[in-house]
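Everything below belongs to final20.txt, which stores compact mmCIF, C-alpha atoms.
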```txt
# COMPACT_ATOMS: atom_id res chain seq x y z
CA MET O 1 9.88 33.08 42.34
CA THR O 2 8.20 31.51 39.31
CA ALA O 3 9.84 29.69 36.45
CA ASP O 4 9.23 32.67 34.18
CA ASP O 5 10.67 35.12 36.69
CA ALA O 6 13.83 33.05 37.01
CA GLY O 7 14.36 33.02 33.27
CA GLY O 8 13.95 29.23 33.11
CA VAL O 9 11.62 26.83 31.34
CA PRO O 10 8.21 28.49 30.87
CA ARG O 11 5.24 26.68 32.32
CA GLY O 12 3.52 24.38 29.86
CA VAL O 13 6.64 23.34 27.91
CA ASP O 14 6.17 19.77 26.70
CA THR O 15 9.43 17.97 27.37
CA ASP O 16 8.09 14.87 25.56
CA SER O 17 7.74 16.66 22.22
CA GLY O 18 10.90 15.12 20.83
CA GLU O 19 13.48 17.73 21.73
CA THR O 20 16.67 16.44 23.29
CA GLU O 21 17.79 17.07 26.82
CA GLY O 22 20.34 19.52 25.52
CA ASP O 23 17.63 21.47 23.67
CA ALA O 24 15.41 21.60 26.76
CA VAL O 25 18.25 22.78 28.93
CA ARG O 26 19.36 25.39 26.39
CA ASP O 27 15.78 26.71 26.32
CA ALA O 28 15.79 26.78 30.09
CA LEU O 29 18.98 28.81 30.07
CA ALA O 30 17.60 31.37 27.64
CA GLY O 31 17.78 34.81 29.13
CA ASP O 32 20.03 33.77 32.01
CA PRO O 33 23.33 35.52 32.76
CA PRO O 34 26.45 34.09 31.14
CA ALA O 35 27.59 30.69 32.33
CA ALA O 36 30.12 30.40 35.11
CA GLY O 37 33.59 31.17 33.92
CA ASP O 38 35.35 32.21 37.10
CA GLU O 39 34.89 32.06 40.84
CA GLY O 40 32.66 35.13 40.92
CA ASP O 41 30.28 33.68 38.36
CA GLU O 42 30.16 30.38 40.23
CA ASN O 43 29.27 32.18 43.46
CA ASN O 44 26.54 34.04 41.60
CA ILE O 45 25.06 30.79 40.29
CA ALA O 46 25.23 29.27 43.78
CA ILE O 47 23.25 32.21 45.20
CA ARG O 48 20.68 32.00 42.39
CA LEU O 49 20.30 28.27 43.02
CA GLU O 50 19.75 28.92 46.70
CA GLN O 51 17.07 31.52 45.90
CA LEU O 52 15.40 29.11 43.48
CA ILE O 53 15.29 26.26 45.98
CA LEU O 54 14.38 28.28 49.07
CA GLY O 55 12.02 30.58 47.21
CA ALA O 56 13.25 33.65 49.09
CA ASP O 57 16.14 36.06 49.41
CA ARG O 58 18.56 36.29 52.33
CA ARG O 59 17.18 38.80 54.84
CA TYR O 60 18.22 37.92 58.40
CA THR O 61 21.26 37.27 60.49
CA PRO O 62 20.83 34.36 62.93
CA PHE O 63 20.23 36.83 65.77
CA GLN O 64 17.61 38.74 63.77
CA ALA O 65 15.89 35.48 62.76
CA ALA O 66 15.75 34.26 66.37
CA ARG O 67 14.38 37.59 67.59
CA SER O 68 11.77 37.69 64.81
CA ALA O 69 10.71 34.12 65.69
CA GLY O 70 10.47 35.01 69.37
CA VAL O 71 13.00 32.44 70.57
CA SER O 72 16.31 32.76 72.35
CA MET O 73 19.49 32.72 70.30
CA ASP O 74 20.64 29.69 72.30
CA LEU O 75 17.53 27.66 71.39
CA ALA O 76 17.69 28.78 67.77
CA ALA O 77 21.34 27.65 67.57
CA ARG O 78 20.40 24.26 69.08
CA PHE O 79 17.67 23.79 66.48
CA TRP O 80 19.93 24.79 63.57
CA ARG O 81 22.78 22.54 64.70
CA ALA O 82 20.36 19.67 65.20
CA MET O 83 19.17 20.12 61.62
CA GLY O 84 22.80 19.85 60.48
CA PHE O 85 23.47 23.50 59.60
CA ALA O 86 26.87 25.00 60.35
CA ASP O 87 27.38 28.06 62.54
CA ILE O 88 27.60 31.11 60.29
CA GLY O 89 28.28 33.84 62.83
CA GLN O 90 26.06 36.85 62.17
CA VAL O 91 26.08 36.75 58.39
CA LYS O 92 22.81 37.83 56.75
CA ALA O 93 22.01 34.45 55.20
CA LEU O 94 18.58 33.40 56.55
CA THR O 95 15.13 33.77 55.02
CA GLU O 96 11.51 34.03 56.11
CA ALA O 97 11.32 30.23 55.91
CA ASP O 98 14.02 29.94 58.58
CA VAL O 99 12.08 32.25 60.85
CA LEU O 100 8.87 30.28 60.28
CA ALA O 101 10.60 26.97 61.03
CA LEU O 102 11.91 28.34 64.34
CA ARG O 103 8.49 29.71 65.16
CA ARG O 104 6.83 26.35 64.50
CA LEU O 105 9.26 24.31 66.57
CA ALA O 106 9.11 26.77 69.46
CA GLY O 107 5.30 26.85 69.17
CA LEU O 108 5.09 23.08 69.57
CA VAL O 109 7.14 23.37 72.76
CA GLU O 110 5.08 26.28 74.12
CA ALA O 111 1.84 24.41 73.42
CA GLY O 112 3.11 21.41 75.38
CA LEU O 113 2.93 19.10 72.38
CA LEU O 114 6.69 18.50 72.47
CA SER O 115 9.32 18.92 75.15
CA GLU O 116 12.31 21.03 74.20
CA ALA O 117 14.48 17.90 74.05
CA MET O 118 11.96 16.18 71.80
CA ALA O 119 11.78 19.20 69.48
CA VAL O 120 15.57 19.03 69.12
CA GLN O 121 15.28 15.32 68.31
CA VAL O 122 12.66 16.08 65.66
CA ALA O 123 15.02 18.63 64.13
CA ARG O 124 17.95 16.22 64.25
CA SER O 125 16.13 13.20 62.78
CA THR O 126 14.61 15.31 60.01
CA GLY O 127 17.92 16.99 59.24
CA GLN O 128 19.91 13.75 59.11
CA THR O 129 17.40 11.99 56.89
CA THR O 130 16.88 14.83 54.43
CA ALA O 131 20.59 15.67 54.26
CA ARG O 132 21.38 12.18 53.05
CA LEU O 133 18.45 12.27 50.64
CA ALA O 134 19.47 15.64 49.20
CA ASP O 135 23.09 14.56 48.73
CA TRP O 136 22.01 11.37 46.99
CA GLN O 137 19.56 13.16 44.71
CA ILE O 138 22.01 15.83 43.57
CA ASP O 139 24.85 13.34 43.10
CA SER O 140 22.63 10.96 41.15
CA PHE O 141 20.91 13.54 38.97
CA LEU O 142 24.06 15.45 38.10
CA GLU O 143 25.94 12.22 37.43
CA GLY O 144 23.23 10.40 35.50
CA LEU O 145 21.32 13.20 33.77
CA THR O 146 23.89 15.85 32.96
CA GLU O 147 26.66 14.20 31.01
CA PRO O 148 28.40 17.12 29.27
CA GLN O 149 28.90 15.18 26.06
CA ASP O 150 25.14 14.64 25.74
CA SER O 151 24.00 18.23 26.23
CA GLY O 152 27.04 20.19 25.12
CA LEU O 153 26.90 22.12 28.40
CA THR O 154 29.08 22.03 31.49
CA ARG O 155 27.67 20.58 34.69
CA THR O 156 27.63 24.05 36.26
CA GLU O 157 25.60 25.42 33.37
CA ILE O 158 23.07 22.63 33.48
CA THR O 159 22.48 22.54 37.25
CA TYR O 160 20.14 25.54 37.50
CA PRO O 161 17.62 24.52 34.81
CA LEU O 162 17.76 20.91 35.95
CA VAL O 163 16.91 21.83 39.54
CA GLN O 164 14.22 24.18 38.25
CA LEU O 165 12.59 21.35 36.31
CA LEU O 166 12.83 18.75 39.07
CA LEU O 167 12.15 20.79 42.22
CA PRO O 168 8.31 20.90 42.23
CA GLU O 169 7.97 17.24 41.25
CA LEU O 170 10.46 16.01 43.85
CA GLU O 171 8.86 18.16 46.54
CA GLU O 172 5.40 16.69 45.95
CA PHE O 173 6.79 13.16 45.76
CA LEU O 174 8.71 13.61 49.01
CA VAL O 175 5.56 14.71 50.86
CA TYR O 176 3.60 11.79 49.37
CA VAL O 177 6.17 9.17 50.47
CA TRP O 178 6.50 10.77 53.92
CA ARG O 179 2.74 10.66 54.48
CA ARG O 180 2.63 7.02 53.38
CA GLN O 181 5.48 6.11 55.71
CA LEU O 182 3.93 8.11 58.55
CA ALA O 183 0.62 6.27 58.09
CA ALA O 184 2.39 2.89 58.19
CA ALA O 185 4.42 3.80 61.28
CA THR O 186 1.35 5.15 63.07
CA GLY O 187 -0.51 1.94 62.31
CA ARG O 188 2.28 -0.13 63.87
CA VAL O 189 2.16 1.98 67.03
CA VAL O 190 -1.63 1.73 67.31
CA ARG O 191 -1.41 -2.05 66.98
CA ALA O 192 1.15 -2.25 69.81
CA GLN O 193 -0.25 -4.13 72.80
CA ASP O 194 0.77 -1.60 75.43
CA ASP O 195 2.56 1.71 75.83
CA ALA O 196 5.89 0.07 76.66
CA GLU O 197 5.80 -1.86 73.38
CA MET O 198 5.73 1.39 71.43
CA VAL O 199 9.38 1.99 72.33
CA ASP O 200 10.68 -1.42 73.43
CA ARG O 201 9.18 -3.92 71.00
CA ARG O 202 9.72 -7.58 70.22
CA LEU O 203 10.98 -7.76 66.66
CA ALA O 204 12.98 -9.96 64.35
CA VAL O 205 16.15 -8.11 63.35
CA GLY O 206 18.43 -9.23 60.55
CA PHE O 207 21.71 -8.27 58.93
CA ALA O 208 22.75 -9.24 55.41
CA ASP O 209 26.45 -8.89 54.67
CA LEU O 210 28.47 -9.28 51.46
CA VAL O 211 31.40 -11.67 51.93
CA GLY O 212 34.86 -10.44 50.97
CA PHE O 213 33.77 -6.86 50.32
CA THR O 214 37.08 -5.42 51.59
CA ARG O 215 38.99 -7.45 48.99
CA LEU O 216 36.60 -6.23 46.30
CA THR O 217 37.33 -2.60 47.17
CA ARG O 218 40.98 -3.21 46.29
CA ARG O 219 40.23 -5.04 43.06
CA LEU O 220 37.34 -3.10 41.47
CA GLU O 221 37.39 0.35 39.96
CA GLU O 222 35.44 2.99 41.88
CA GLU O 223 32.64 3.08 39.32
CA GLU O 224 32.30 -0.72 39.34
CA LEU O 225 32.26 -0.76 43.14
CA GLY O 226 29.58 1.92 43.22
CA GLU O 227 27.42 -0.05 40.78
CA LEU O 228 27.84 -3.20 42.87
CA VAL O 229 26.80 -1.46 46.08
CA GLU O 230 23.83 0.20 44.39
CA ALA O 231 22.65 -3.13 42.92
CA PHE O 232 23.03 -4.82 46.32
CA GLU O 233 21.13 -2.11 48.17
CA THR O 234 18.39 -2.00 45.52
CA THR O 235 17.89 -5.77 45.57
CA CYS O 236 17.77 -5.85 49.38
CA SER O 237 15.42 -2.88 49.60
CA ASP O 238 13.00 -4.40 47.08
CA LEU O 239 12.97 -7.84 48.72
CA VAL O 240 12.57 -6.53 52.26
CA ALA O 241 9.70 -4.25 51.28
CA ALA O 242 7.99 -6.82 49.04
CA HIS O 243 7.78 -9.41 51.83
CA GLY O 244 6.56 -7.08 54.57
CA GLY O 245 9.77 -6.12 56.36
CA ARG O 246 11.34 -2.72 56.96
CA LEU O 247 14.76 -1.66 55.77
CA ILE O 248 16.38 0.14 58.71
CA LYS O 249 19.59 1.26 57.01
CA THR O 250 22.23 0.35 54.46
CA LEU O 251 25.96 0.37 55.21
CA GLY O 252 27.51 -0.22 51.80
CA ASP O 253 28.24 -3.94 52.04
CA GLU O 254 25.63 -4.57 54.74
CA VAL O 255 21.92 -3.94 55.28
CA LEU O 256 19.89 -3.99 58.48
CA PHE O 257 16.21 -4.95 58.33
CA SER O 258 13.44 -5.82 60.76
CA ALA O 259 10.04 -7.51 60.77
CA ASP O 260 7.23 -7.84 63.28
CA ASP O 261 6.84 -11.54 62.44
CA ALA O 262 9.59 -14.18 62.58
CA GLY O 263 8.13 -15.95 59.54
CA ILE O 264 8.43 -12.76 57.48
CA ALA O 265 12.04 -12.27 58.58
CA ALA O 266 12.87 -15.90 57.74
CA GLU O 267 11.39 -15.53 54.26
CA ILE O 268 13.35 -12.31 53.68
CA GLY O 269 16.64 -13.87 54.81
CA LEU O 270 16.28 -16.91 52.57
CA ARG O 271 15.06 -14.85 49.60
CA LEU O 272 18.13 -12.63 49.89
CA ILE O 273 20.44 -15.67 49.78
CA GLU O 274 18.56 -17.26 46.89
CA THR O 275 18.48 -14.06 44.84
CA MET O 276 22.15 -13.21 45.33
CA THR O 277 23.22 -16.80 44.63
CA HIS O 278 21.66 -16.61 41.17
CA ASP O 279 23.39 -13.30 40.39
CA GLU O 280 26.87 -14.00 39.06
CA THR O 281 27.94 -10.39 39.56
CA MET O 282 27.37 -10.57 43.32
CA PRO O 283 29.72 -11.97 45.98
CA GLU O 284 28.49 -14.57 48.46
CA LEU O 285 26.09 -13.37 51.14
CA ARG O 286 25.55 -14.28 54.78
CA VAL O 287 22.57 -13.42 56.94
CA GLY O 288 22.04 -13.40 60.69
CA ILE O 289 18.64 -12.93 62.37
CA ALA O 290 17.70 -12.63 66.05
CA PHE O 291 14.37 -12.20 67.81
CA GLY O 292 13.71 -10.24 70.97
CA THR O 293 13.17 -6.88 72.59
CA VAL O 294 14.44 -3.98 70.54
CA THR O 295 14.60 -0.28 71.35
CA THR O 296 13.56 1.94 68.43
CA ARG O 297 14.74 5.53 68.20
CA MET O 298 14.95 8.00 65.33
CA GLY O 299 14.18 5.25 62.84
CA ASP O 300 17.02 3.03 64.07
CA VAL O 301 17.04 -0.04 66.33
CA PHE O 302 19.26 -0.76 69.31
CA GLY O 303 19.79 -3.39 71.96
CA THR O 304 21.14 -6.87 72.64
CA THR O 305 18.94 -8.41 69.95
CA VAL O 306 20.51 -6.17 67.29
CA ASN O 307 24.02 -6.94 68.55
CA LEU O 308 23.27 -10.68 68.49
CA ALA O 309 21.99 -10.50 64.90
CA SER O 310 25.21 -8.74 63.91
CA ARG O 311 27.37 -11.40 65.61
CA LEU O 312 25.40 -14.22 63.96
CA THR O 313 26.03 -12.60 60.58
CA SER O 314 29.77 -12.46 61.20
CA ILE O 315 29.96 -16.21 62.01
CA ALA O 316 27.50 -17.44 59.37
CA PRO O 317 28.96 -19.65 56.60
CA LYS O 318 28.71 -18.29 53.06
CA ASP O 319 25.23 -18.23 51.54
CA THR O 320 23.49 -19.31 54.73
CA VAL O 321 21.10 -17.85 57.29
CA LEU O 322 21.88 -18.26 61.00
CA VAL O 323 19.27 -17.46 63.66
CA ASP O 324 19.32 -17.39 67.43
CA GLU O 325 17.46 -19.72 69.79
CA ALA O 326 14.71 -17.19 70.51
CA PHE O 327 14.05 -16.83 66.78
CA ALA O 328 13.91 -20.63 66.37
CA GLU O 329 11.44 -20.88 69.26
CA GLU O 330 9.27 -18.13 67.78
CA LEU O 331 9.14 -19.91 64.41
CA GLY O 332 8.05 -23.04 66.27
CA ARG O 333 5.43 -21.16 68.28
CA ILE O 334 3.76 -19.73 65.17
CA GLY O 335 3.93 -23.07 63.36
CA ASP O 336 6.37 -22.10 60.61
CA ALA O 337 9.09 -24.58 61.61
CA PRO O 338 9.50 -27.58 63.93
CA ILE O 339 11.92 -27.13 66.77
CA SER O 340 13.20 -30.64 66.06
CA GLU O 341 12.88 -33.03 63.15
CA ALA O 342 11.88 -35.78 65.61
CA ASP O 343 8.83 -33.73 66.61
CA ALA O 344 7.97 -33.14 62.95
CA ALA O 345 8.28 -36.84 62.12
CA ALA O 346 6.11 -37.81 65.10
CA ALA O 347 3.42 -35.33 64.06
CA GLU O 348 3.45 -36.59 60.47
CA LYS O 349 3.21 -40.21 61.67
CA ALA O 350 0.27 -39.39 63.90
CA ALA O 351 -1.55 -37.71 61.01
CA GLN O 352 -0.93 -40.73 58.76
CA GLU O 353 -2.30 -43.11 61.38
CA GLY O 354 -5.63 -41.34 61.24
CA THR O 355 -5.71 -39.53 64.56
CA GLY O 356 -7.76 -36.77 62.96
CA ALA O 357 -5.06 -34.15 63.28
CA PRO O 358 -3.95 -32.65 59.92
CA PRO O 359 -0.32 -33.18 58.97
CA PRO O 360 1.89 -30.24 59.89
CA SER O 361 2.68 -27.77 57.13
CA TYR O 362 6.06 -26.26 57.93
CA ARG O 363 7.70 -23.68 55.67
CA PHE O 364 11.15 -23.76 57.23
CA ALA O 365 13.60 -26.21 58.76
CA LEU O 366 15.94 -25.54 61.68
CA GLN O 367 19.20 -27.33 62.42
CA PRO O 368 21.09 -26.64 65.67
CA MET O 369 24.72 -25.69 65.10
CA TRP O 370 27.75 -25.68 67.33
CA GLN O 371 27.69 -23.64 70.51
CA ARG O 372 30.30 -20.95 70.67
CA PRO O 373 31.19 -17.98 72.87
CA VAL O 374 30.43 -14.58 71.39
CA ARG O 375 32.18 -11.53 72.80
CA GLY O 376 29.86 -9.56 75.04
CA LEU O 377 26.96 -12.01 74.66
CA GLY O 378 28.21 -15.21 76.31
CA VAL O 379 27.70 -18.66 74.78
CA VAL O 380 25.38 -18.65 71.75
CA GLU O 381 23.78 -21.63 70.01
CA PRO O 382 23.04 -20.66 66.40
CA TRP O 383 20.47 -22.47 64.29
CA LEU O 384 20.80 -22.96 60.54
CA LEU O 385 17.63 -21.83 58.77
CA THR O 386 16.64 -23.51 55.48
CA ARG O 387 13.51 -24.15 53.50
CA ARG O 388 11.73 -27.35 54.38
CA GLY O 389 11.83 -29.97 51.67
```

Structure translated into structure tokens:
Amino acid sequence: MTADDAGGVPRGVDTDSGETEGDAVRDALAGDPPAAGDEGDENNIAIRLEQLILGADRRYTPFQAARSAGVSMDLAARFWRAMGFADIGQVKALTEADVLALRRLAGLVEAGLLSEAMAVQVARSTGQTTARLADWQIDSFLEGLTEPQDSGLTRTEITYPLVQLLLPELEEFLVYVWRRQLAAATGRVVRAQDDAEMVDRRLAVGFADLVGFTRLTRRLEEEELGELVEAFETTCSDLVAAHGGRLIKTLGDEVLFSADDAGIAAEIGLRLIETMTHDETMPELRVGIAFGTVTTRMGDVFGTTVNLASRLTSIAPKDTVLVDEAFAEELGRIGDAPISEADAAAAEKAAQEGTGAPPPSYRFALQPMWQRPVRGLGVVEPWLLTRRG
């Protein structure tokens, strides 16, 4: 279905020509059926939106789609559920695209490129990621770009032309970002030292957690709380990416990140504290980082190292970074921090006495803290991470 066929904005319309958003949307609505006024009209708009986004009409029941794709109904149901789609009985609600998707997944299994279990995992990881992305995009666009008082139209009336305008651009951008991320992930796997390291890798894993967030939820209005969380997640995402780490996930008042190098993780942790400290709108922050073997699966990380980083975060004083002993040793091994200040002083003295060795150039300082038992992990000795000098 083209833009002209759908009665929307004709191709070639210059949206920068000075017309307002309301004008552009009214033009996009020209020729469309009347706006939703009752439940029947709303259902009609929902169907038209589905046709616009999917680019096809409903043609198949689930059984017909599975048979057309050449797969069993049981396997088709497993794929659909993995992608996050509800059971719909035998309603005629599927399109040619659904048949093609089943055919492709089943073809990968038949060709031996994926096991059946792996194909289901591919469907599940893709479905979970894109479901969250789609929800965020629609919520954000309809909230931020379709204020009724600005356009003079209701949100229901504005949704169709807005989606029509954004769909091709968002689709191309999504593919671009995915390819970039796929290239980066593939590069990390190729650089792994052995096959085992592709799944179980030694990484630095860190959590950053807002202090007193539960109290804030009772004190702030919903809109203020949403703005706070968005600012926190944006700041963390930008800092982690800028310094070479990877943002694993955000949990409202907490973010989980990782880095291949302990020095990178240390820089990220301290930058987060420094940035949040200078922002008066933000609560205090605490960060915990651990280093060790981590299992990666479906874009997430698991294992004792992750659990330890979480525990360190929970016991960290406000506006500080706590690390585990393995992380401290790794910083010492790569020359980013001395394990002890006595060793650093001895090295500096030797350099000053003209032994020929250059004076050490440490970026970070480590201070051993109190030992304490941590549930499920035994006795842990945290180290306080700071900048040197």

Close residues, Ser340 of chain O itself excluded, 12 Å, only C-alpha atoms, min 2 positions apart in chain, as a PyMOL selection string: chain O and resi 328-329+331-332+337-338+342-347+362+364-368+383

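Closest to Glu116 of chain O among O:Arg363, O:Arg78, O:Arg218, O:Lys92 is O:Arg78, based on all atoms listed in the file.
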
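Nearest residue to Arg246 of chain O among O:Thr130, O:Thr295, O:Gln64, O:Gln181 is O:Gln181, counting only C-alpha atoms.
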
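Residues with any atom within 8 Å of the point (29.2, -5.9, 39.7), counting all atoms listed in the file, are Glu224, Leu225, Glu227, Leu228, Ala231, Thr281 and Met282 of chain O.
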
- prompt: What is the distance, in Å and to one decimal place, between atom CA of Leu256 of chain O and atom CA of Val205 of chain O?
  reply: 7.4 Å

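The space between atom CA of Ser125 of chain O and atom CA of Arg81 of chain O spans 11.6 Å.
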
Padding 8 Å on each side, edges along x, y and z: where is the centre of the box around the listed atoms of segment 116-133 of chain O, and how long are its edges in Å to one decimal? Output it as AutoDock Vina command-line options.
```
--center_x 16.6 --center_y 16.5 --center_z 62.4 --size_x 25.6 --size_y 25.0 --size_z 39.6
```

Selection: 8 Å around Leu322 of chain O, only C-alpha atoms, excl. self and same-chain fewer than 6 positions, as a list in words: Val287, Gly288, Ile289, Leu312, Thr313, Ala316, Pro382, Trp383, Leu384 and Leu385 of chain O

For the residues in that selection, give me C-alpha atoms as a PDB file, keeping the file's coordinate frame.
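Writing done, so here's result02.pdb:
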```
ATOM      1  CA  VAL O 287      22.570 -13.420  56.940  1.00  0.00           C
ATOM      2  CA  GLY O 288      22.040 -13.400  60.690  1.00  0.00           C
ATOM      3  CA  ILE O 289      18.640 -12.930  62.370  1.00  0.00           C
ATOM      4  CA  LEU O 312      25.400 -14.220  63.960  1.00  0.00           C
ATOM      5  CA  THR O 313      26.030 -12.600  60.580  1.00  0.00           C
ATOM      6  CA  ALA O 316      27.500 -17.440  59.370  1.00  0.00           C
ATOM      7  CA  PRO O 382      23.040 -20.660  66.400  1.00  0.00           C
ATOM      8  CA  TRP O 383      20.470 -22.470  64.290  1.00  0.00           C
ATOM      9  CA  LEU O 384      20.800 -22.960  60.540  1.00  0.00           C
ATOM     10  CA  LEU O 385      17.630 -21.830  58.770  1.00  0.00           C
TER      11      LEU O 385
END
```

message: Here is a test: counting all atoms listed in the file, which residue of O:Leu108, O:Ala265, O:Val163, O:Ile248 is nearest to Glu50 of chain O?
response: O:Val163

- prompt: Skipping near chain neighbours, those fewer than 2 positions away, what residues fall within 12 Å of Leu166 of chain O using only C-alpha atoms, listed as number ranges by chain?
  reply: O: 3, 9, 52-53, 137-138, 141-142, 145, 159-164, 168-174

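Among the candidate residues O:Ile45, O:Ala97, O:Leu308, O:Val91, the one lying nearest to Ala69 of chain O is O:Ala97, with distances computed using all atoms listed in the file.
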
message: Given all atoms listed in the file as the basis, pick out the residue of O:Ile47, O:Ala290, O:Ala242, O:Val380 nearest to Ala93 of chain O.
response: O:Ile47

query: Which of these residues is nearest to Glu348 of chain O, using only C-alpha atoms: O:Asp319, O:Ser361, O:Arg219, O:Glu233?
result: O:Ser361

message: Excluding Gly244 of chain O and its own-chain neighbours fewer than 6 positions away, which residues fall within 10 Å of it when counting only C-alpha atoms? Please give them as a PyMOL selection string.
response: chain O and resi 258-261+264-265+267-268

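Pairwise distance (atom CA of Thr320 of chain O, atom CA of Leu272 of chain O) equals 9.8 Å.
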